[in-house]
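run03.csv, holding CSV, C-alpha atoms:
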chain,number,residue,atom,x,y,z
A,1,GLY,CA,-144.4,130.0,160.0
A,2,GLY,CA,-143.0,127.0,161.9
A,3,GLY,CA,-143.7,124.7,159.0
A,4,GLY,CA,-141.8,127.0,156.6
A,5,ARG,CA,-138.8,127.1,158.9
A,6,LYS,CA,-138.8,123.3,159.2
A,7,ARG,CA,-139.0,122.9,155.4
A,8,ALA,CA,-136.1,125.4,154.9
A,9,SER,CA,-133.9,123.6,157.4
A,10,THR,CA,-134.8,120.2,155.8
A,11,ALA,CA,-133.9,121.6,152.4
A,12,THR,CA,-130.6,122.9,153.7
A,13,ALA,CA,-129.8,119.4,155.1
A,14,GLN,CA,-130.7,117.8,151.8
A,15,ARG,CA,-128.4,120.0,149.7
A,16,SER,CA,-125.3,118.3,148.3
A,17,PRO,CA,-121.9,119.3,149.8
A,18,ALA,CA,-121.2,121.2,146.5
A,19,GLU,CA,-124.4,123.2,146.9
A,20,ARG,CA,-123.7,123.9,150.5
A,21,GLU,CA,-120.2,125.1,149.7
A,22,ALA,CA,-121.4,127.3,146.8
A,23,ALA,CA,-124.0,129.0,149.1
A,24,LEU,CA,-121.3,129.7,151.7
A,25,LEU,CA,-118.9,131.1,149.2
A,26,ALA,CA,-121.6,133.4,147.9
A,27,GLY,CA,-121.6,135.4,151.2
A,28,PRO,CA,-121.9,137.1,153.5
A,29,VAL,CA,-118.5,136.1,155.0
A,30,PHE,CA,-116.8,134.6,152.0
A,31,GLY,CA,-117.4,136.0,148.5
A,32,GLN,CA,-117.2,139.7,149.4
A,33,THR,CA,-114.7,142.4,148.6
A,34,ILE,CA,-111.9,142.9,151.1
A,35,GLY,CA,-113.1,146.4,151.9
A,36,ALA,CA,-116.7,145.2,152.6
A,37,THR,CA,-115.4,142.4,154.8
A,38,MET,CA,-113.3,144.8,156.9
A,39,ALA,CA,-116.1,147.3,157.2
A,40,ARG,CA,-118.3,144.5,158.6
A,41,GLU,CA,-115.7,143.2,161.0
A,42,ARG,CA,-114.0,146.4,162.2
A,43,PRO,CA,-116.6,147.5,164.8
A,44,HIS,CA,-116.3,144.1,166.4
A,45,ARG,CA,-112.5,143.6,166.0
A,46,PRO,CA,-110.8,146.8,167.1
A,47,GLY,CA,-107.4,147.2,165.5
A,48,ALA,CA,-107.8,144.4,163.1
A,49,LYS,CA,-106.0,144.9,159.7
A,50,VAL,CA,-107.1,141.7,157.8
A,51,PRO,CA,-110.2,139.6,157.7
A,52,PHE,CA,-110.7,137.2,160.6
A,53,VAL,CA,-110.6,134.1,158.3
A,54,VAL,CA,-107.2,135.1,157.0
A,55,ASP,CA,-105.9,136.1,160.4
A,56,VAL,CA,-106.8,132.9,162.3
A,57,LEU,CA,-105.8,130.5,159.5
A,58,THR,CA,-102.5,132.1,158.7
A,59,LYS,CA,-101.7,132.2,162.5
A,60,ARG,CA,-102.5,128.5,162.9
A,61,LEU,CA,-100.3,127.6,159.9
A,62,ARG,CA,-97.5,129.8,161.0
A,63,ASP,CA,-97.5,128.4,164.5
A,64,SER,CA,-97.0,124.8,163.6
A,65,TRP,CA,-97.1,123.9,159.9
A,66,LEU,CA,-94.6,125.9,157.8
A,67,GLU,CA,-92.5,122.8,157.1
A,68,GLU,CA,-95.4,120.7,156.0
A,69,PRO,CA,-94.5,119.2,152.5
A,70,GLY,CA,-96.9,120.4,149.8
A,71,LEU,CA,-98.5,122.8,152.2
A,72,PHE,CA,-100.7,124.6,149.6
A,73,ARG,CA,-100.6,121.9,146.9
A,74,VAL,CA,-102.2,119.0,148.9
A,75,ALA,CA,-106.0,119.3,149.2
A,76,GLY,CA,-107.7,118.9,152.6
A,77,ALA,CA,-110.4,116.2,153.0
A,78,LYS,CA,-113.6,117.7,151.4
A,79,ALA,CA,-116.0,116.9,154.2
A,80,GLN,CA,-113.8,118.4,156.9
A,81,SER,CA,-112.9,121.4,154.7
A,82,LEU,CA,-116.7,122.1,154.3
A,83,GLU,CA,-117.2,121.7,158.1
A,84,LEU,CA,-114.4,124.3,158.8
A,85,LEU,CA,-115.9,126.6,156.1
A,86,GLU,CA,-119.3,126.3,157.8
A,87,THR,CA,-117.9,126.9,161.3
A,88,LEU,CA,-116.1,130.0,160.2
A,89,SER,CA,-119.0,131.3,158.2
A,90,VAL,CA,-121.6,130.9,161.0
A,91,ALA,CA,-119.3,132.4,163.6
A,92,CYS,CA,-118.3,135.4,161.5
A,93,GLU,CA,-121.8,136.1,160.4
A,94,ALA,CA,-122.7,136.3,164.1
A,95,HIS,CA,-119.6,138.4,164.8
A,96,LYS,CA,-118.1,135.7,167.0
A,97,TYR,CA,-114.4,136.2,166.2
A,98,ASP,CA,-113.0,133.5,168.5
A,99,GLU,CA,-109.7,131.9,167.5
A,100,ALA,CA,-110.7,128.8,169.6
A,101,LEU,CA,-113.2,127.9,166.9
A,102,VAL,CA,-110.2,126.7,164.8
A,103,PRO,CA,-108.4,123.8,166.5
A,104,VAL,CA,-104.7,124.2,167.0
A,105,ARG,CA,-103.9,120.6,166.1
A,106,CYS,CA,-105.6,119.8,162.8
A,107,ASP,CA,-104.7,118.7,159.3
A,108,PRO,CA,-103.0,121.8,158.0
A,109,HIS,CA,-104.4,121.1,154.5
A,110,LEU,CA,-107.8,122.0,155.8
A,111,PHE,CA,-106.5,125.4,156.8
A,112,THR,CA,-104.9,125.9,153.4
A,113,SER,CA,-108.0,124.7,151.5
A,114,VAL,CA,-110.3,127.1,153.3
A,115,LEU,CA,-107.8,130.0,152.9
A,116,LYS,CA,-107.6,129.3,149.1
A,117,LYS,CA,-111.4,129.3,149.0
A,118,PHE,CA,-111.5,132.7,150.7
A,119,PHE,CA,-109.1,134.3,148.2
A,120,ARG,CA,-110.7,132.6,145.1
A,121,SER,CA,-114.2,133.7,146.2
A,122,LEU,CA,-113.3,137.4,146.6
A,123,ARG,CA,-115.7,139.5,144.6
A,124,GLU,CA,-112.8,141.8,143.6
A,125,PRO,CA,-109.2,140.6,143.3
A,126,MET,CA,-106.3,142.3,145.1
A,127,PHE,CA,-105.7,144.6,142.1
A,128,ALA,CA,-108.9,146.2,140.7
A,129,VAL,CA,-110.3,144.5,137.6
A,130,ARG,CA,-110.0,147.9,135.8
A,131,ASP,CA,-106.2,147.8,136.3
A,132,TYR,CA,-105.8,144.2,135.1
A,133,GLU,CA,-104.3,145.0,131.6
A,134,ARG,CA,-101.9,147.6,133.0
A,135,VAL,CA,-100.6,145.3,135.8
A,136,LEU,CA,-100.3,142.3,133.5
A,137,ALA,CA,-98.2,144.3,131.1
A,138,ILE,CA,-95.5,144.6,133.8
A,139,VAL,CA,-94.5,141.0,133.0
A,140,LYS,CA,-93.1,142.2,129.6
A,141,LEU,CA,-90.6,144.6,131.2
A,142,ASP,CA,-87.0,143.4,130.9
A,143,GLY,CA,-85.3,143.3,134.3
A,144,GLU,CA,-86.4,141.8,137.6
A,145,GLN,CA,-85.7,145.1,139.3
A,146,GLU,CA,-87.7,147.1,136.7
A,147,ARG,CA,-90.7,144.7,137.1
A,148,ALA,CA,-90.5,144.9,140.9
A,149,THR,CA,-90.3,148.7,140.8
A,150,ALA,CA,-93.4,148.8,138.5
A,151,LEU,CA,-95.3,146.5,140.8
A,152,ARG,CA,-94.4,148.7,143.8
A,153,ALA,CA,-96.0,151.6,142.0
A,154,GLU,CA,-99.2,149.6,141.3
A,155,VAL,CA,-99.4,148.4,144.9
A,156,ASP,CA,-99.3,152.0,146.0
A,157,LYS,CA,-102.6,152.5,144.1
A,158,ILE,CA,-104.7,149.6,145.5
A,159,ASP,CA,-107.4,150.0,148.1
A,160,ALA,CA,-106.1,150.5,151.6
A,161,ASP,CA,-107.7,147.3,152.9
A,162,ALA,CA,-106.3,145.3,150.0
A,163,LYS,CA,-102.8,146.8,150.7
A,164,ALA,CA,-103.0,145.8,154.4
A,165,LEU,CA,-103.9,142.2,153.4
A,166,LEU,CA,-101.0,142.2,150.9
A,167,VAL,CA,-98.6,143.4,153.6
A,168,HIS,CA,-99.9,140.6,155.9
A,169,LEU,CA,-99.0,138.1,153.2
A,170,VAL,CA,-95.8,139.4,151.6
A,171,GLY,CA,-94.4,142.2,153.8
A,172,ALA,CA,-91.3,142.0,156.0
A,173,ASP,CA,-92.9,139.6,158.4
A,174,GLY,CA,-95.5,138.3,155.8
A,175,PHE,CA,-97.0,134.9,156.0
A,176,LEU,CA,-96.2,133.8,152.5
A,177,ARG,CA,-92.6,135.0,153.0
A,178,ALA,CA,-92.4,132.8,156.0
A,179,VAL,CA,-93.8,129.8,154.0
A,180,MET,CA,-91.3,130.5,151.2
A,181,ARG,CA,-88.4,130.5,153.7
A,182,HIS,CA,-89.1,126.8,154.4
A,183,SER,CA,-89.4,125.9,150.7
A,184,ASP,CA,-86.5,123.4,151.0
A,185,VAL,CA,-88.9,121.2,153.0
A,186,ASN,CA,-92.4,122.3,152.1
A,187,HIS,CA,-91.7,122.8,148.4
A,188,MET,CA,-93.6,126.1,148.4
A,189,THR,CA,-91.3,128.4,146.3
A,190,ALA,CA,-92.4,131.8,145.2
A,191,SER,CA,-93.2,130.2,141.8
A,192,ASN,CA,-95.4,127.5,143.3
A,193,LEU,CA,-97.2,130.1,145.6
A,194,GLY,CA,-97.7,132.4,142.6
A,195,ILE,CA,-99.6,129.6,140.8
A,196,ILE,CA,-101.9,129.3,143.8
A,197,PHE,CA,-102.5,133.0,144.6
A,198,GLY,CA,-102.1,134.6,141.2
A,199,PRO,CA,-105.7,134.1,140.0
A,200,ALA,CA,-107.1,135.5,143.2
A,201,TRP,CA,-104.9,138.6,143.1
A,202,LEU,CA,-105.2,139.6,139.5
A,203,ARG,CA,-108.0,138.8,137.1
A,204,GLY,CA,-109.7,140.6,134.2
A,205,ALA,CA,-113.3,141.3,133.4
A,206,GLY,CA,-113.4,138.1,131.3
A,207,ALA,CA,-112.2,135.9,134.2
A,208,GLY,CA,-115.2,133.7,133.7
A,209,ASP,CA,-113.9,132.8,130.2
A,210,SER,CA,-111.7,129.8,130.8
A,211,MET,CA,-109.9,130.2,127.5
A,212,GLU,CA,-108.9,133.8,128.3
A,213,ALA,CA,-107.9,132.9,131.8
A,214,ALA,CA,-105.8,130.0,130.5
A,215,PHE,CA,-104.2,132.3,127.9
A,216,HIS,CA,-103.0,134.7,130.5
A,217,ALA,CA,-102.4,132.2,133.4
A,218,THR,CA,-98.6,132.1,133.1
A,219,ASP,CA,-98.3,135.9,133.1
A,220,VAL,CA,-100.7,136.2,136.1
A,221,ASN,CA,-98.8,133.6,138.0
A,222,THR,CA,-95.5,135.3,137.2
A,223,ILE,CA,-96.8,138.6,138.6
A,224,ALA,CA,-97.8,136.9,141.8
A,225,GLU,CA,-94.5,135.1,142.0
A,226,GLU,CA,-92.5,138.4,141.8
A,227,ILE,CA,-94.8,140.1,144.3
A,228,ILE,CA,-94.1,137.3,146.8
A,229,ALA,CA,-90.4,137.0,145.9
A,230,HIS,CA,-89.9,140.8,146.4
A,231,GLY,CA,-92.7,141.5,148.9
A,232,PRO,CA,-90.8,143.7,151.3
A,233,PHE,CA,-89.6,145.9,148.5
A,234,VAL,CA,-93.0,145.9,146.7
A,235,VAL,CA,-94.9,147.0,149.9
A,236,ARG,CA,-92.2,149.5,150.8
A,237,HIS,CA,-90.9,147.8,153.9
A,238,VAL,CA,-87.4,148.1,152.4
A,239,ASP,CA,-86.0,150.7,150.0
A,240,ALA,CA,-83.3,148.7,148.3
A,241,PHE,CA,-84.1,146.0,145.7
A,242,SER,CA,-82.4,142.6,146.3
A,243,ALA,CA,-82.2,140.1,143.5
A,244,THR,CA,-81.6,137.3,146.0
A,245,HIS,CA,-85.2,137.3,147.4
A,246,HIS,CA,-83.6,137.3,150.9
A,247,TYR,CA,-84.1,140.8,152.3
A,248,ASP,CA,-82.6,142.0,155.5
A,249,ALA,CA,-85.3,140.6,157.8
A,250,ALA,CA,-84.2,142.7,160.9
A,251,GLY,CA,-84.0,145.9,158.9
A,252,ALA,CA,-87.3,145.2,157.1
A,253,ALA,CA,-89.1,144.4,160.3
A,254,ALA,CA,-87.9,147.6,161.9
A,255,ALA,CA,-89.1,149.5,158.9
A,256,ALA,CA,-92.5,147.7,159.0
A,257,ALA,CA,-92.9,148.5,162.7
A,258,GLY,CA,-92.7,152.2,161.8
A,259,ASP,CA,-95.2,151.8,159.0
A,260,ASP,CA,-98.7,152.8,160.1
A,261,ASP,CA,-100.4,152.3,156.8

Could you render the structure from this file as structure tokens?
Amino acid sequence: GGGGRKRASTATAQRSPAEREAALLAGPVFGQTIGATMARERPHRPGAKVPFVVDVLTKRLRDSWLEEPGLFRVAGAKAQSLELLETLSVACEAHKYDEALVPVRCDPHLFTSVLKKFFRSLREPMFAVRDYERVLAIVKLDGEQERATALRAEVDKIDADAKALLVHLVGADGFLRAVMRHSDVNHMTASNLGIIFGPAWLRGAGAGDSMEAAFHATDVNTIAEEIIAHGPFVVRHVDAFSATHHYDAAGAAAAAAGDDD
């Protein structure tokens, strides 16, 4: 028995960084559906609406780093990103949801690197794979308001846990909306953020086919861009569509406060 454990730990230590990362992204903390992650965490995090990894990393970024140039475009150091990935995986697997595990002062690109890995490893995207063609077709509608209204109807249909996560990101006080408001210095416009998050939010059954993914990439990124640009309208925090992307923050926040979904 002891010899087997020793061999296993030695094998783990001898794995390459890429192999260690692949194992972590396969679960049980990363690489799950949003619903499964929340079902696992809820008994230990009363009142939590989004996965701990997303909650703590977006909090750290929002607190100090919204003006960091190239926030989501610059990669974090690979060794340190893997270390943070392992720290969060081990802690969450043991249900130790302690924000102190993630240092306050740290290279913000480590936070964004791990956050991107969380979304890209999701077993199911934000919109169900079965709805891919229908959601993707929205890009062909003529007007910006028409597309945003159609996206609003699609967001109404997604899983409740996925909707809560989308609200956390693009709602009236959403994290990505906060990032976008500093785009004059961080260069993270709705378009640039759409390129980063689109593939994690919307993908088809043939997502493993790189040619098919490349063929639809522009449309997928455009859908994500418009969800971010019109987030408060799309998640029903405001009733009126605004073409300017700058929604009435105070009114939207008040509406969100009354939204218990």

Item checked: Selected residue of minimal separation from Ala160 of chain A among A:Phe127, A:Gly198, A:Arg15, A:Leu61, counting all atoms listed in the file ->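 Once distances to Ala160 of chain A are computed over all atoms listed in the file, the minimum belongs to A:Phe127.
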
So that each row is one residue of segment 185-222 of chain A with an atom at most 8 Å from segment 107-121 of chain A, can you give its shortest atom pair and the distance in Å to one decimal, using all atoms listed in the file, rows by chain and rising number, as a Markdown table?
| residue | atom | partner | partner_atom | distance |
| --- | --- | --- | --- | --- |
| A:Ile196 | CA | A:Lys116 | CA | 7.8 |
| A:Phe197 | CA | A:Phe119 | CA | 7.6 |
| A:Pro199 | CA | A:Arg120 | CA | 7.3 |
| A:Ala200 | CA | A:Arg120 | CA | 5.0 |
| A:Trp201 | CA | A:Phe119 | CA | 7.9 |

Item checked: Contacts of Val235 of chain A within 7 Å, all atoms listed in the file, excl. fewer than 4 positions in-chain, as a VMD selection string -> chain A and resid 152 155 167 171 231

Checklist line | Gap from atom CA of Leu169 of chain A to atom CA of Ile223 of chain A - Å, one decimal | finding: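 One can read the atom CA of Leu169 of chain A to atom CA of Ile223 of chain A distance as 14.8 Å.
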
Notebook entry, point to check: What's the 8 Å shell around Gln32 of chain A, counting all atoms listed in the file, without same-chain residues fewer than 3 positions away, as a PyMOL selection string?
Noted result: chain A and resi 26-29+36-37+121-124

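Comparing A:Met211, A:Ala91, A:Arg236, A:Gly143 by their smallest distance to Leu166 of chain A, the closest is A:Arg236 (using only C-alpha atoms).
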
Margin query: Set the distance at 12 Å and use all atoms listed in the file: which residues neighbour Tyr97 of chain A once local chain neighbours fewer than 5 positions away are removed? I'd like the list as an NGL selection string.
Written below: :A and (29 or 40-46 or 48 or 51-56 or 87-92 or 102)

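The space between atom CA of Glu225 of chain A and atom CA of Thr189 of chain A spans 8.6 Å.
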
Margin query: So, with only C-alpha atoms as the atoms that count, which of A:Ala229, A:Met180, A:Cys106, A:Ala128 lies closest to Thr33 of chain A?
Written below: A:Ala128

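Our summary of the geometry notes that atom CA of Arg20 of chain A is positioned 15.6 Å from atom CA of Ala77 of chain A.
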
Note to self: I need the residue nearest Glu133 of chain A from this list: A:Arg105, A:His230, A:Lys157, A:Arg203. Use only C-alpha atoms for the distance.
What the structure shows: A:Arg203
